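*Asks:* Before I ask anything, let me first share the structure, which is written out below as structure tokens.
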Amino acid sequence: MEHKNITGHDGAVHEGLLNSHTGFLIDVACEAGRYSVVHHYEKLDPARVTDAPLSCPACVAANSPATAQLHRGRLALRYAEDVLALADSRKRPPAQDDEGLRLAFVSLAAENPPPRSLYELIREHVSDMLTDRALAVPEGVPRVLVPYKRYTGGTVQAPVAPGDRLMHYSAAGGYFQYVWVDRLGDSPDGIVVTVHEKDRRPVTYSAYELGRRYSKLDWAPLP
């Protein structure tokens, strides 16, 4: 999540909390809400991003050492960490286990419900952490990149490793093909990747072909 100073409609400089890959304004550090900076259905004007110091009293207070633990972005991060910790307790990677994430959110809401105003920030932090995991592969794995679409917006190029799940979507037929990465290796023409679809024989692609055909859905469980 990005933190940038932004000039609001009232002329005050707020701390903006933005999607780290799209620049979309999610919220502000004070309780004013993002609509103090943008109108409904309006994108953030880059001209509103400023190097000027914060002038919104609540945003200033949120960044003071005495109240740092009450900063809305930090509170949301702690809730997001709790969600992933609960999902991880199912012993399956959360991105491969949508039900695990759903149950984690439900459990958190029942036992220690966050303020509703933090929901978008919590979701953004969860997306950031899942992206970090998708970008991590064990050392020594050849570098082959495919697109990874973040849940809250933005696409990054992510490396693949054995055990990763990939998806190919055919717009013409509405066909979703899911495959798992078996291995990466060298060939006379460069790196190749072998994948398998459920109940089908493995297929080997060049790194270039793989990147054009598949996108990454999940990361493999790291040892």
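The way I read the labels, and the way they are meant: chains A, B, ... in the order of the structure tokens, residue 1 as the first residue of every chain, and ligand 1 as the first ligand shown, with later ones counted on from there.
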At a cut-off of 9 Å, using only C-alpha atoms, what residues contact range 49-56 of chain A? Leave out same-chain residues fewer than 3 positions from it and give the result as a JSON list (two decimals) with N, CA, C and O atoms, in the first residue's frame.

*Replies:*
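Saved as result26.json:
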```json
[["chain", "number", "residue", "atom", "x", "y", "z"],
["A", 4, "LYS", "N", 0.73, 8.61, 0.21],
["A", 4, "LYS", "CA", 1.13, 9.84, -0.45],
["A", 4, "LYS", "C", 0.30, 11.01, 0.10],
["A", 4, "LYS", "O", -0.88, 10.83, 0.42],
["A", 5, "ASN", "N", 0.92, 12.16, 0.20],
["A", 5, "ASN", "CA", 0.20, 13.35, 0.61],
["A", 5, "ASN", "C", -0.63, 13.87, -0.56],
["A", 5, "ASN", "O", -0.15, 13.97, -1.69],
["A", 6, "ILE", "N", -1.89, 14.17, -0.26],
["A", 6, "ILE", "CA", -2.84, 14.54, -1.30],
["A", 6, "ILE", "C", -3.65, 15.76, -0.85],
["A", 6, "ILE", "O", -4.10, 15.82, 0.31],
["A", 7, "THR", "N", -3.85, 16.69, -1.75],
["A", 7, "THR", "CA", -4.65, 17.87, -1.44],
["A", 7, "THR", "C", -6.13, 17.55, -1.60],
["A", 7, "THR", "O", -6.56, 17.09, -2.66],
["A", 11, "GLY", "N", -8.82, 21.91, 0.49],
["A", 11, "GLY", "CA", -7.51, 22.54, 0.49],
["A", 11, "GLY", "C", -6.56, 21.96, 1.51],
["A", 11, "GLY", "O", -5.36, 22.25, 1.47],
["A", 12, "ALA", "N", -7.07, 21.11, 2.42],
["A", 12, "ALA", "CA", -6.19, 20.49, 3.43],
["A", 12, "ALA", "C", -5.39, 19.37, 2.77],
["A", 12, "ALA", "O", -5.84, 18.71, 1.83],
["A", 13, "VAL", "N", -4.17, 19.16, 3.27],
["A", 13, "VAL", "CA", -3.32, 18.09, 2.77],
["A", 13, "VAL", "C", -3.50, 16.87, 3.65],
["A", 13, "VAL", "O", -3.21, 16.91, 4.86],
["A", 14, "HIS", "N", -4.02, 15.79, 3.06],
["A", 14, "HIS", "CA", -4.27, 14.54, 3.77],
["A", 14, "HIS", "C", -3.20, 13.51, 3.42],
["A", 14, "HIS", "O", -2.52, 13.63, 2.39],
["A", 15, "GLU", "N", -3.08, 12.48, 4.26],
["A", 15, "GLU", "CA", -2.27, 11.33, 3.90],
["A", 15, "GLU", "C", -3.16, 10.35, 3.16],
["A", 15, "GLU", "O", -4.11, 9.80, 3.74],
["A", 16, "GLY", "N", -2.91, 10.14, 1.89],
["A", 16, "GLY", "CA", -3.70, 9.21, 1.10],
["A", 16, "GLY", "C", -3.14, 7.80, 1.16],
["A", 16, "GLY", "O", -1.93, 7.60, 1.19],
["A", 30, "CYS", "N", -7.10, 9.92, 8.01],
["A", 30, "CYS", "CA", -8.07, 10.42, 8.99],
["A", 30, "CYS", "C", -9.42, 9.76, 8.71],
["A", 30, "CYS", "O", -9.55, 8.92, 7.84],
["A", 44, "LEU", "N", -8.46, 9.66, -8.95],
["A", 44, "LEU", "CA", -7.55, 10.61, -8.34],
["A", 44, "LEU", "C", -6.79, 11.37, -9.40],
["A", 44, "LEU", "O", -6.14, 10.78, -10.27],
["A", 45, "ASP", "N", -6.86, 12.69, -9.35],
["A", 45, "ASP", "CA", -6.11, 13.54, -10.27],
["A", 45, "ASP", "C", -4.65, 13.57, -9.79],
["A", 45, "ASP", "O", -4.38, 13.96, -8.65],
["A", 46, "PRO", "N", -3.70, 13.13, -10.63],
["A", 46, "PRO", "CA", -2.29, 13.14, -10.20],
["A", 46, "PRO", "C", -1.83, 14.50, -9.70],
["A", 46, "PRO", "O", -0.90, 14.58, -8.90],
["A", 59, "CYS", "N", -4.86, 13.65, 10.19],
["A", 59, "CYS", "CA", -3.81, 12.92, 9.49],
["A", 59, "CYS", "C", -2.46, 13.15, 10.17],
["A", 59, "CYS", "O", -1.63, 12.24, 10.28],
["A", 60, "VAL", "N", -2.24, 14.39, 10.64],
["A", 60, "VAL", "CA", -1.02, 14.69, 11.38],
["A", 60, "VAL", "C", -0.97, 13.86, 12.66],
["A", 60, "VAL", "O", 0.05, 13.25, 13.00],
["A", 61, "ALA", "N", -2.10, 13.81, 13.37],
["A", 61, "ALA", "CA", -2.16, 13.05, 14.62],
["A", 61, "ALA", "C", -1.93, 11.56, 14.38],
["A", 61, "ALA", "O", -1.28, 10.88, 15.17]]
```

*Asks:* Please produce, as a tab-separated table, a per-residue contact table for range 118-156 of chain A versus range 85-88 of chain A (criterion: any atom at most 12 Å away, only C-alpha atoms considered), showing the nearest atom pair and its distance in Å to one decimal, sorted by chain then residue number.

*Replies:*
```
residue	atom	partner	partner_atom	distance
A:Val126	CA	A:Ala85	CA	10.9
A:Met129	CA	A:Ala85	CA	11.4
A:Leu130	CA	A:Asp88	CA	11.8
```

*Asks:* Residues as selected, N, CA, C and O atoms, written as a short mmCIF file (atom, residue, chain, number, x, y, z; two decimals), in the first residue's frame, can you do that?

*Replies:*
```cif
data_model
loop_
_atom_site.label_atom_id
_atom_site.label_comp_id
_atom_site.auth_asym_id
_atom_site.auth_seq_id
_atom_site.Cartn_x
_atom_site.Cartn_y
_atom_site.Cartn_z
N VAL A 126 -4.38 -7.58 2.54
CA VAL A 126 -4.39 -9.01 2.21
C VAL A 126 -3.91 -9.21 0.78
O VAL A 126 -3.10 -10.10 0.49
N MET A 129 -0.16 -8.80 0.57
CA MET A 129 0.58 -9.93 1.11
C MET A 129 0.50 -11.15 0.19
O MET A 129 1.49 -11.88 0.02
N LEU A 130 -0.66 -11.36 -0.42
CA LEU A 130 -0.77 -12.45 -1.39
C LEU A 130 0.10 -12.19 -2.61
O LEU A 130 0.69 -13.12 -3.18
#
```

*Asks:* Tell me which of A:Ala47, A:Ile191, A:Ala104, A:Ala110 sits closest to Leu145 in chain A, counting only C-alpha atoms.

*Replies:*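 Among A:Ala47, A:Ile191, A:Ala104, A:Ala110, it is A:Ile191 that comes nearest to Leu145 in chain A.
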
*Asks:* Could you give me the residues within range 1-206 of chain A that DSSP places in strand (DSSP E), as number ranges by chain?

*Replies:* A: 2-7, 13-18, 25-28, 145-149, 155-159, 165-170, 175-187, 190-197, 203-206

*Asks:* Smallest atom-to-atom distance to Val181 in chain A: which of A:Ser20, A:Ser127, A:Gln69, A:Thr204, using only C-alpha atoms?

*Replies:*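 Going through A:Ser20, A:Ser127, A:Gln69, A:Thr204 one by one, the smallest distance to Val181 in chain A is for A:Thr204.
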
*Asks:* Please measure the separation of CA of Gly163 in chain A and CA of Ile122 in chain A, giving the value in Å to one decimal.

*Replies:*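 Spanning CA of Gly163 in chain A to CA of Ile122 in chain A is a straight-line distance of 27.8 Å.
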
*Asks:* Counting only C-alpha atoms, what is within 9 Å of Tyr79 in chain A, bar same-chain residues fewer than 6 positions away, as number ranges by chain?

*Replies:* A: 108, 114, 122, 125

*Asks:* If DSSP is run on the backbone, what residues of range 2-157 of chain A are alpha helix (DSSP H)? A reply as number ranges by chain would be ideal.

*Replies:* A: 57-62, 72-88, 98-111, 119-134

*Asks:* Identify which of the residues A:Trp219, A:Tyr151, A:Tyr169, A:Phe24 lies closest to His3 in chain A, counting only C-alpha atoms when measuring atom-to-atom distances.

*Replies:*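 Closest to His3 in chain A of all the choices is A:Phe24.
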